[in-house]
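Note: the block below is upload19.txt and it holds compact mmCIF, C-alpha atoms and all ligand atoms.
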# COMPACT_ATOMS: atom_id res chain seq x y z
CA MET T 1 74.60 -105.40 -11.98
CA THR T 2 70.96 -104.43 -11.60
CA ARG T 3 69.74 -101.66 -13.82
CA PRO T 4 70.31 -98.21 -12.22
CA TYR T 5 67.44 -95.81 -11.76
CA ASN T 6 67.78 -93.39 -14.67
CA LEU T 7 66.99 -89.81 -13.62
CA SER T 8 68.73 -88.17 -16.57
CA ALA T 9 67.21 -84.94 -17.96
CA GLY T 10 67.63 -86.14 -21.52
CA PRO T 11 68.22 -88.19 -23.53
CA ALA T 12 66.24 -89.96 -20.88
CA ILE T 13 64.77 -93.19 -19.64
CA LEU T 14 62.64 -95.28 -22.02
CA PRO T 15 60.30 -98.14 -21.06
CA PRO T 16 61.80 -101.67 -21.13
CA ALA T 17 58.92 -102.77 -23.40
CA VAL T 18 60.09 -100.21 -25.96
CA PHE T 19 63.64 -101.57 -25.94
CA GLU T 20 62.28 -105.08 -26.53
CA ARG T 21 60.02 -104.06 -29.40
CA THR T 22 62.70 -101.94 -30.97
CA ALA T 23 65.29 -104.72 -30.70
CA ALA T 24 62.90 -107.06 -32.48
CA SER T 25 62.46 -104.54 -35.29
CA ILE T 26 66.20 -104.30 -35.71
CA LEU T 27 67.11 -107.96 -35.39
CA GLU T 28 64.33 -110.12 -36.70
CA ILE T 29 61.75 -107.84 -38.26
CA GLY T 30 58.39 -108.85 -39.59
CA GLU T 31 57.03 -105.36 -38.99
CA ARG T 32 53.44 -106.58 -38.68
CA GLY T 33 52.62 -105.97 -42.34
CA PRO T 34 52.40 -107.93 -45.59
CA ASP T 35 55.18 -110.49 -46.00
CA THR T 36 57.46 -108.73 -48.48
CA LEU T 37 61.19 -109.32 -48.89
CA GLU T 38 61.75 -105.93 -47.34
CA SER T 39 59.79 -106.86 -44.26
CA HIS T 40 62.55 -109.37 -43.48
CA LEU T 41 65.24 -106.71 -43.43
CA SER T 42 66.22 -104.58 -40.49
CA ILE T 43 64.43 -101.28 -40.11
CA LEU T 44 67.89 -99.72 -40.08
CA GLU T 45 68.58 -100.72 -43.71
CA ILE T 46 65.35 -100.10 -45.61
CA SER T 47 64.16 -97.13 -47.62
CA HIS T 48 62.19 -94.35 -46.00
CA ARG T 49 59.93 -94.66 -49.05
CA SER T 50 59.26 -98.37 -48.53
CA SER T 51 55.80 -99.65 -47.62
CA THR T 52 57.24 -101.08 -44.39
CA PHE T 53 58.46 -97.70 -43.25
CA ASP T 54 55.29 -96.01 -44.52
CA ARG T 55 53.23 -98.10 -42.12
CA ILE T 56 55.46 -97.23 -39.17
CA HIS T 57 55.42 -93.54 -40.08
CA ASP T 58 51.66 -93.34 -40.62
CA ARG T 59 50.98 -95.16 -37.37
CA ALA T 60 53.31 -92.79 -35.48
CA ILE T 61 51.36 -89.80 -36.85
CA GLU T 62 48.02 -91.42 -35.95
CA LEU T 63 49.22 -92.03 -32.42
CA CYS T 64 50.41 -88.42 -32.08
CA HIS T 65 46.77 -87.41 -32.60
CA ASP T 66 45.22 -90.24 -30.59
CA VAL T 67 47.58 -90.44 -27.65
CA LEU T 68 49.08 -86.95 -27.38
CA GLY T 69 45.81 -85.22 -28.27
CA ILE T 70 47.22 -83.20 -31.15
CA PRO T 71 44.16 -81.76 -32.91
CA ARG T 72 43.23 -83.15 -36.33
CA THR T 73 43.34 -79.58 -37.66
CA HIS T 74 47.12 -79.75 -37.30
CA LYS T 75 49.74 -81.37 -39.50
CA VAL T 76 52.19 -83.57 -37.57
CA LEU T 77 55.80 -83.35 -38.79
CA PHE T 78 58.90 -85.32 -37.87
CA LEU T 79 61.87 -83.04 -38.29
CA GLN T 80 65.54 -82.95 -37.36
CA GLY T 81 67.79 -80.37 -35.74
CA GLY T 82 66.22 -80.69 -32.29
CA ALA T 83 64.09 -78.15 -30.51
CA SER T 84 66.98 -75.74 -31.01
CA MET T 85 66.34 -75.71 -34.76
CA GLN T 86 62.73 -74.82 -34.00
CA PHE T 87 63.92 -71.75 -32.10
CA ALA T 88 64.95 -70.42 -35.53
CA MET T 89 62.27 -72.02 -37.71
CA VAL T 90 59.45 -70.49 -35.68
CA PRO T 91 60.37 -66.83 -36.33
CA MET T 92 61.56 -67.60 -39.88
CA ASN T 93 58.15 -69.00 -40.78
CA LEU T 94 55.71 -67.15 -38.55
CA ALA T 95 57.07 -63.63 -37.96
CA GLN T 96 55.11 -61.01 -39.89
CA ALA T 97 56.25 -57.58 -41.04
CA GLY T 98 55.62 -54.86 -38.46
CA LYS T 99 54.37 -57.33 -35.87
CA PRO T 100 56.75 -58.26 -33.06
CA ALA T 101 57.16 -61.83 -31.89
CA ALA T 102 56.10 -62.08 -28.21
CA TYR T 103 57.90 -64.42 -25.78
CA VAL T 104 57.52 -65.46 -22.17
CA ASP T 105 60.95 -65.89 -20.58
CA THR T 106 60.87 -68.78 -18.11
CA GLY T 107 64.46 -69.97 -18.28
CA VAL T 108 67.42 -71.00 -20.36
CA TRP T 109 65.53 -72.64 -23.22
CA ALA T 110 63.03 -69.81 -23.48
CA ALA T 111 65.98 -67.39 -23.55
CA LYS T 112 67.57 -69.33 -26.38
CA ALA T 113 64.33 -69.14 -28.35
CA ILE T 114 64.23 -65.38 -27.70
CA LYS T 115 67.83 -65.03 -28.85
CA GLU T 116 67.05 -66.61 -32.25
CA SER T 117 63.95 -64.50 -32.67
CA LYS T 118 65.97 -61.35 -31.99
CA LEU T 119 68.44 -62.35 -34.70
CA LEU T 120 65.57 -62.46 -37.15
CA GLY T 121 63.28 -59.61 -36.21
CA GLU T 122 61.50 -57.48 -33.64
CA THR T 123 61.00 -59.44 -30.44
CA ARG T 124 59.21 -58.54 -27.23
CA THR T 125 59.45 -60.29 -23.87
CA ILE T 126 55.97 -60.00 -22.37
CA ALA T 127 56.65 -61.74 -19.03
CA SER T 128 59.70 -63.10 -17.24
CA SER T 129 60.67 -65.02 -14.13
CA ALA T 130 64.37 -64.08 -14.41
CA ALA T 131 64.36 -61.84 -11.31
CA SER T 132 63.84 -64.83 -9.00
CA ASN T 133 66.07 -67.31 -10.87
CA HIS T 134 63.06 -68.73 -12.71
CA ASP T 135 61.46 -70.34 -9.67
CA HIS T 136 57.91 -69.81 -10.96
CA ILE T 137 55.79 -69.31 -14.08
CA PRO T 138 54.94 -65.60 -14.33
CA ALA T 139 51.34 -64.48 -14.71
CA MET T 140 50.30 -64.22 -18.33
CA PRO T 141 49.75 -60.52 -19.15
CA GLY T 142 46.49 -59.32 -20.68
CA PRO T 143 45.91 -59.10 -24.44
CA ASP T 144 47.31 -55.55 -24.73
CA ALA T 145 50.75 -57.11 -24.33
CA TYR T 146 50.41 -59.33 -27.40
CA ARG T 147 47.43 -58.19 -29.49
CA ASP T 148 49.74 -56.83 -32.21
CA ALA T 149 52.14 -59.79 -32.13
CA SER T 150 52.91 -62.29 -34.91
CA TYR T 151 52.63 -65.03 -32.30
CA VAL T 152 53.15 -65.70 -28.59
CA HIS T 153 55.79 -68.25 -27.58
CA VAL T 154 55.94 -70.10 -24.26
CA THR T 155 57.96 -73.04 -22.91
CA SER T 156 55.56 -75.53 -21.33
CA ASN T 157 58.13 -77.09 -18.98
CA ASN T 158 61.44 -75.60 -17.93
CA THR T 159 63.77 -78.56 -17.77
CA ILE T 160 66.59 -76.81 -15.92
CA PHE T 161 64.60 -74.89 -13.32
CA GLY T 162 61.83 -77.43 -12.78
CA THR T 163 58.79 -75.24 -13.42
CA GLU T 164 55.83 -75.85 -15.71
CA TRP T 165 52.65 -74.16 -16.80
CA GLU T 166 49.71 -75.69 -14.96
CA GLN T 167 47.66 -75.23 -18.13
CA LEU T 168 48.87 -73.62 -21.33
CA PRO T 169 47.66 -70.02 -21.61
CA ALA T 170 44.39 -69.29 -23.41
CA LEU T 171 45.18 -66.24 -25.52
CA GLU T 172 42.55 -63.66 -26.35
CA GLY T 173 42.03 -62.85 -30.01
CA ASP T 174 43.53 -64.82 -32.85
CA VAL T 175 47.26 -64.54 -32.10
CA PRO T 176 48.77 -68.02 -32.56
CA LEU T 177 50.21 -69.69 -29.47
CA VAL T 178 53.57 -71.38 -30.13
CA VAL T 179 54.84 -73.81 -27.51
CA ASP T 180 58.14 -75.57 -26.87
CA LEU T 181 56.83 -78.80 -25.34
CA SER T 182 60.19 -80.60 -25.26
CA SER T 183 60.20 -81.74 -21.67
CA ASN T 184 56.58 -82.41 -20.77
CA ILE T 185 54.83 -83.41 -23.98
CA GLY T 186 52.63 -86.43 -23.37
CA SER T 187 52.83 -86.16 -19.59
CA ARG T 188 49.23 -85.02 -18.91
CA PRO T 189 46.37 -83.04 -20.45
CA MET T 190 47.52 -79.40 -20.40
CA GLY T 191 45.47 -77.63 -23.05
CA ILE T 192 47.34 -78.83 -26.15
CA GLU T 193 44.27 -77.89 -28.22
CA ARG T 194 45.21 -74.23 -27.65
CA VAL T 195 48.53 -74.66 -29.42
CA ALA T 196 48.79 -73.35 -32.99
CA LEU T 197 52.36 -74.57 -33.45
CA GLY T 198 54.01 -76.98 -31.02
CA TYR T 199 57.36 -78.70 -31.07
CA ALA T 200 59.46 -81.04 -28.96
CA GLY T 201 62.72 -82.91 -29.23
CA ALA T 202 61.70 -86.55 -28.68
CA GLN T 203 64.49 -87.42 -26.28
CA LYS T 204 62.62 -87.01 -23.00
CA ASN T 205 59.10 -88.45 -23.06
CA LEU T 206 58.87 -89.73 -26.61
CA GLY T 207 61.94 -91.52 -27.84
CA PRO T 208 65.60 -91.12 -28.77
CA SER T 209 67.36 -87.92 -29.72
CA GLY T 210 67.45 -86.94 -33.38
CA VAL T 211 63.75 -86.70 -34.13
CA THR T 212 61.74 -83.57 -33.43
CA ILE T 213 57.95 -83.61 -33.37
CA ALA T 214 56.29 -80.48 -34.67
CA PHE T 215 52.60 -79.88 -35.22
CA ILE T 216 51.19 -76.89 -37.00
CA ARG T 217 47.66 -75.66 -37.60
CA GLU T 218 47.05 -75.96 -41.32
CA ASP T 219 46.22 -72.28 -41.88
CA LEU T 220 49.68 -71.25 -40.62
CA LEU T 221 51.31 -73.18 -43.45
CA THR T 222 50.28 -70.45 -45.84
CA ARG T 223 51.77 -67.54 -43.86
CA ASP T 224 54.24 -65.70 -46.07
CA PRO T 225 57.65 -65.46 -44.41
CA VAL T 226 59.19 -61.98 -44.14
CA GLY T 227 62.64 -63.05 -45.32
CA VAL T 228 64.09 -65.71 -47.56
CA VAL T 229 63.62 -69.13 -45.98
CA PRO T 230 65.48 -72.13 -47.43
CA SER T 231 63.23 -75.04 -48.40
CA MET T 232 64.50 -77.30 -45.61
CA LEU T 233 63.56 -74.70 -43.01
CA ARG T 234 59.97 -74.19 -44.16
CA TYR T 235 57.16 -76.04 -42.41
CA ALA T 236 55.23 -75.95 -45.69
CA THR T 237 57.95 -78.00 -47.43
CA HIS T 238 57.78 -80.78 -44.87
CA ALA T 239 54.00 -80.65 -44.63
CA ALA T 240 53.59 -80.98 -48.41
CA GLU T 241 55.87 -84.05 -48.44
CA ASN T 242 54.53 -85.69 -45.26
CA SER T 243 57.97 -85.24 -43.63
CA LEU T 244 59.60 -87.15 -46.50
CA TYR T 245 61.09 -84.18 -48.35
CA ASN T 246 64.44 -85.65 -47.43
CA THR T 247 65.46 -88.76 -45.46
CA PRO T 248 63.92 -88.53 -42.01
CA ASN T 249 65.26 -90.19 -38.88
CA THR T 250 63.61 -93.53 -39.64
CA PHE T 251 64.98 -95.22 -36.52
CA GLY T 252 63.83 -92.36 -34.31
CA ILE T 253 60.34 -92.51 -35.79
CA LEU T 254 60.19 -96.27 -35.17
CA VAL T 255 61.08 -95.81 -31.50
CA LEU T 256 58.62 -92.92 -31.24
CA ARG T 257 55.87 -95.18 -32.54
CA ASN T 258 56.82 -97.83 -30.00
CA VAL T 259 56.76 -95.30 -27.16
CA LEU T 260 53.33 -94.01 -28.23
CA GLU T 261 51.99 -97.57 -28.38
CA TRP T 262 53.37 -98.17 -24.90
CA MET T 263 51.65 -94.97 -23.72
CA GLN T 264 48.37 -96.12 -25.21
CA GLU T 265 48.66 -99.47 -23.44
CA SER T 266 49.53 -97.67 -20.19
CA GLY T 267 46.18 -95.89 -19.99
CA GLY T 268 46.83 -93.05 -22.43
CA LEU T 269 47.38 -89.47 -21.36
CA ASP T 270 44.94 -89.63 -18.43
CA GLY T 271 46.41 -92.84 -17.05
CA ILE T 272 49.97 -91.56 -17.36
CA ALA T 273 48.98 -88.18 -15.87
CA ALA T 274 47.61 -89.86 -12.74
CA ILE T 275 50.86 -91.77 -12.21
CA ASN T 276 52.97 -88.68 -12.90
CA ALA T 277 50.96 -86.66 -10.37
CA ARG T 278 51.58 -89.27 -7.66
CA LYS T 279 55.29 -89.52 -8.49
CA ALA T 280 55.82 -85.76 -8.29
CA ALA T 281 53.70 -85.36 -5.15
CA ALA T 282 55.79 -87.95 -3.28
CA LEU T 283 58.99 -86.03 -4.01
CA TYR T 284 57.60 -82.55 -3.30
CA GLU T 285 56.13 -83.77 -0.03
CA LEU T 286 59.60 -84.75 1.12
CA LEU T 287 61.16 -81.50 -0.17
CA ASP T 288 58.52 -79.42 1.64
CA ALA T 289 59.03 -81.20 4.95
CA GLY T 290 61.72 -78.73 5.99
CA GLY T 291 64.78 -80.96 6.35
CA ILE T 292 68.04 -80.65 4.44
CA TYR T 293 66.31 -80.36 1.06
CA ARG T 294 64.91 -77.09 -0.26
CA PRO T 295 62.68 -77.16 -3.36
CA HIS T 296 63.57 -74.62 -6.06
CA ALA T 297 60.17 -74.20 -7.75
CA ARG T 298 57.29 -72.48 -6.01
CA PRO T 299 53.99 -74.32 -5.46
CA GLY T 300 51.64 -73.71 -8.35
CA SER T 301 54.51 -73.72 -10.87
CA ARG T 302 56.12 -77.03 -10.07
CA SER T 303 57.16 -79.43 -12.78
CA ARG T 304 55.97 -83.01 -12.58
CA MET T 305 58.86 -83.96 -14.88
CA ASN T 306 61.95 -82.25 -13.46
CA VAL T 307 61.98 -81.89 -9.69
CA THR T 308 64.74 -79.49 -8.58
CA TRP T 309 66.14 -78.79 -5.15
CA THR T 310 69.18 -77.52 -3.31
CA MET T 311 70.66 -78.71 -0.03
CA THR T 312 70.60 -76.54 3.06
CA ALA T 313 73.66 -75.83 5.20
CA ALA T 314 75.07 -72.98 7.29
CA ASP T 315 77.14 -71.57 4.40
CA ASP T 316 77.98 -72.08 0.73
CA ALA T 317 80.95 -74.35 1.41
CA GLY T 318 78.86 -76.55 3.69
CA ARG T 319 76.12 -76.75 1.09
CA ASP T 320 78.54 -77.69 -1.68
CA ALA T 321 80.09 -80.41 0.48
CA LEU T 322 76.70 -81.81 1.47
CA THR T 323 75.52 -81.79 -2.17
CA LYS T 324 78.65 -83.65 -3.24
CA ARG T 325 78.16 -86.21 -0.48
CA PHE T 326 74.50 -86.65 -1.40
CA LEU T 327 75.24 -87.17 -5.09
CA LYS T 328 78.00 -89.68 -4.34
CA ALA T 329 75.76 -91.65 -1.98
CA ALA T 330 72.92 -91.54 -4.53
CA GLU T 331 75.20 -92.85 -7.27
CA GLU T 332 76.33 -95.69 -4.97
CA ALA T 333 72.71 -96.51 -4.21
CA GLY T 334 71.94 -96.84 -7.95
CA PHE T 335 70.39 -93.43 -8.73
CA SER T 336 71.96 -92.05 -11.91
CA GLY T 337 71.71 -88.49 -13.23
CA LEU T 338 70.64 -86.54 -10.12
CA LYS T 339 73.16 -83.71 -10.46
CA GLY T 340 71.33 -80.45 -11.02
CA HIS T 341 72.13 -77.91 -13.71
CA ARG T 342 74.79 -75.44 -12.59
CA LEU T 343 72.33 -72.53 -12.88
CA VAL T 344 70.22 -73.92 -10.04
CA GLY T 345 72.93 -75.93 -8.32
CA GLY T 346 71.93 -78.85 -6.18
CA CYS T 347 69.94 -81.69 -7.63
CA ARG T 348 67.35 -82.55 -10.22
CA ALA T 349 65.28 -85.70 -10.47
CA SER T 350 63.90 -86.06 -13.99
CA ILE T 351 60.97 -88.40 -13.58
CA TYR T 352 59.60 -88.60 -17.11
CA ASN T 353 56.73 -90.89 -18.10
CA ALA T 354 58.93 -93.98 -18.31
CA PHE T 355 60.41 -93.51 -14.83
CA PRO T 356 58.56 -96.06 -12.68
CA GLU T 357 56.59 -95.16 -9.58
CA HIS T 358 58.54 -97.70 -7.53
CA GLY T 359 61.70 -95.81 -8.53
CA VAL T 360 60.30 -92.65 -6.95
CA THR T 361 59.40 -94.60 -3.81
CA ALA T 362 62.97 -95.92 -3.67
CA LEU T 363 64.40 -92.43 -4.22
CA VAL T 364 62.25 -90.90 -1.48
CA GLU T 365 63.31 -93.66 0.91
CA PHE T 366 66.95 -93.10 0.02
CA MET T 367 66.64 -89.33 0.55
CA ARG T 368 64.92 -89.81 3.93
CA GLU T 369 67.63 -92.16 5.06
CA PHE T 370 70.38 -89.82 3.84
CA GLN T 371 68.76 -86.95 5.72
CA ARG T 372 68.50 -89.04 8.88
CA THR T 373 72.19 -89.94 8.80
CA ALA T 374 73.64 -86.78 7.21
CA GLY T 375 73.94 -84.59 10.26
N1 LIG T 401 63.69 -76.81 -24.99
C1 LIG T 401 63.66 -77.47 -23.82
C2 LIG T 401 62.55 -77.19 -22.86
C3 LIG T 401 64.65 -78.40 -23.52
O1 LIG T 401 64.64 -79.05 -22.35
C4 LIG T 401 65.69 -78.64 -24.45
C5 LIG T 401 66.77 -79.67 -24.23
N2 LIG T 401 67.00 -80.10 -22.98
C6 LIG T 401 65.69 -77.91 -25.64
C7 LIG T 401 64.67 -77.02 -25.88
C8 LIG T 401 66.77 -78.10 -26.67
O2 LIG T 401 66.51 -79.27 -27.32
P1 LIG T 401 67.46 -79.93 -28.41
O3 LIG T 401 68.68 -80.38 -27.68
O4 LIG T 401 66.63 -81.04 -28.94
O5 LIG T 401 67.77 -78.89 -29.42

With the file now loaded, output its structure as structure tokens.
Amino acid sequence: MTRPYNLSAGPAILPPAVFERTAASILEIGERGPDTLESHLSILEISHRSSTFDRIHDRAIELCHDVLGIPRTHKVLFLQGGASMQFAMVPMNLAQAGKPAAYVDTGVWAAKAIKESKLLGETRTIASSAASNHDHIPAMPGPDAYRDASYVHVTSNNTIFGTEWEQLPALEGDVPLVVDLSSNIGSRPMGIERVALGYAGAQKNLGPSGVTIAFIREDLLTRDPVGVVPSMLRYATHAAENSLYNTPNTFGILVLRNVLEWMQESGGLDGIAAINARKAAALYELLDAGGIYRPHARPGSRSRMNVTWTMTAADDAGRDALTKRFLKAAEEAGFSGLKGHRLVGGCRASIYNAFPEHGVTALVEFMREFQRTAG
């Protein structure tokens, strides 16, 4: 069987070159370093404090700066617990007494971050797109809305609804900007230099699940938490130990390094951004053409990573039947993972960095043909 087109929202498609490199690291080794006994063992069975792993780890951090554009003023950390753990770690570490945490609510993941913040302290939602089922990124309010805040939190790409910030907001004053970058990190230049604390589960653009990238401006490491924060949940603990306070996800970090090397060889952020722009434009052009597909996200807020749409029909039952038929035909044609999240309904094409341009061309052709024969 030929390999299906993988449109899964995450864990998601990875480049074939990354599978090959990773397989070599597991099976034969020789991790491009000095010829030690250890270098002939599988990466899966060596110490996280070995020189072989050290090289992989250090290179992954370097590439986070070089390829992703994470400023050198920030400490890069490889954590566990997913982005969901960050929803709690952010307020635990950054909330300050008498200063609310300010959030922009752009969908399910933003709402989950808000929920954790509310468990821990005073929380203010300063903008929301909830009233229109999160079909756009709301305008960023002026500084009066957040001047007194401990930090402002936004979600750069809303995986479920298919919206993203065109550029990350430039805050006025010195309130730190905290960003959940889980589903569009490394997809294009978007103002990452504005981020004081950023985080992302790796399992979309950067690698397998189980490793979480966080980067934090060094001055924030000395913020005194309001409450008691266990050592494992403090950024300062992990920063002081270069993410080796406890055993990290060594395999995940290896794959992350391989993905970042692949990104570098693919033209870096600018090269990847140009391809991503073309991929998304091809799909939105079809969705905007006024046939049986209706795009969910409004122009100006549209994600280049998760393209969401519903099917049009005379009534709900007709729409459900058409959606089912579309998804079945797509599956048969080799397109895996197109079913949308139940909160939007319809379909979602997750076209992360590793999803090839020819795959988008094939998908657009399939959708055109389905539309032609559907009625
Ligand atoms: N934030 C966003 C934007 C996401 O898309 C996801 C997962 N799909 C999460 C947070 C949660 O990530 P995790 O499963 O790594 O906790």

Around ligand LIG 401 (chain T), out to 9 Å and counting all atoms listed in the file, which residues are there? I want them as a VMD selection string.
chain T and resid 9 to 11 80 to 87 107 to 110 112 to 113 155 to 160 180 to 184 199 to 204 209 to 212

Please return, as a PyMOL selection string, all polymer residues that have at least one atom within 7 Å of the point (56.6, -55.3, -30.8); use all atoms listed in the file and the file's own coordinate frame.
chain T and resi 99-101+122-124+149

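Using all atoms listed in the file, every residue with an atom at most 8 Å from the point (50.9, -59.3, -29.9) is listed here: Lys99, Pro100, Ala101, Ala102, Pro143, Asp144, Ala145, Tyr146, Arg147, Asp148, Ala149, Ser150, Tyr151, Val152 and Val175 of chain T.
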
Pick out the residues sitting within 12 Å of Ala274 in chain T, and hand them over as a PyMOL selection string; count all atoms listed in the file, and ignore anything fewer than 4 positions along from it in its own chain.
chain T and resi 187-189+266-270+278-281+304+353+357

My list of candidates is T:Leu168, T:Pro208, T:Ser50, T:Glu116. Which is closest to Met190 in chain T when distances are computed with only C-alpha atoms?
T:Leu168

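For the atom pair formed by CA of His136 in chain T and CA of Glu166 in chain T, the distance is 10.9 Å, given to one decimal.
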
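For range 54-60 of chain T, the list of residues within 7 Å, based on only C-alpha atoms and with local chain neighbours fewer than 3 positions off taken out, reads Arg49, Ser50, Ser51, Leu63, Cys64, Ile253, Leu254, Leu256 and Arg257 of chain T.
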
Could you write those residues out with C-alpha atoms, as a PDB file, in the frame of the given file?
ATOM      1  CA  ARG T  49      59.930 -94.660 -49.050  1.00  0.00           C
ATOM      2  CA  SER T  50      59.260 -98.370 -48.530  1.00  0.00           C
ATOM      3  CA  SER T  51      55.800 -99.650 -47.620  1.00  0.00           C
ATOM      4  CA  LEU T  63      49.220 -92.030 -32.420  1.00  0.00           C
ATOM      5  CA  CYS T  64      50.410 -88.420 -32.080  1.00  0.00           C
ATOM      6  CA  ILE T 253      60.340 -92.510 -35.790  1.00  0.00           C
ATOM      7  CA  LEU T 254      60.190 -96.270 -35.170  1.00  0.00           C
ATOM      8  CA  LEU T 256      58.620 -92.920 -31.240  1.00  0.00           C
ATOM      9  CA  ARG T 257      55.870 -95.180 -32.540  1.00  0.00           C
TER      10      ARG T 257
END
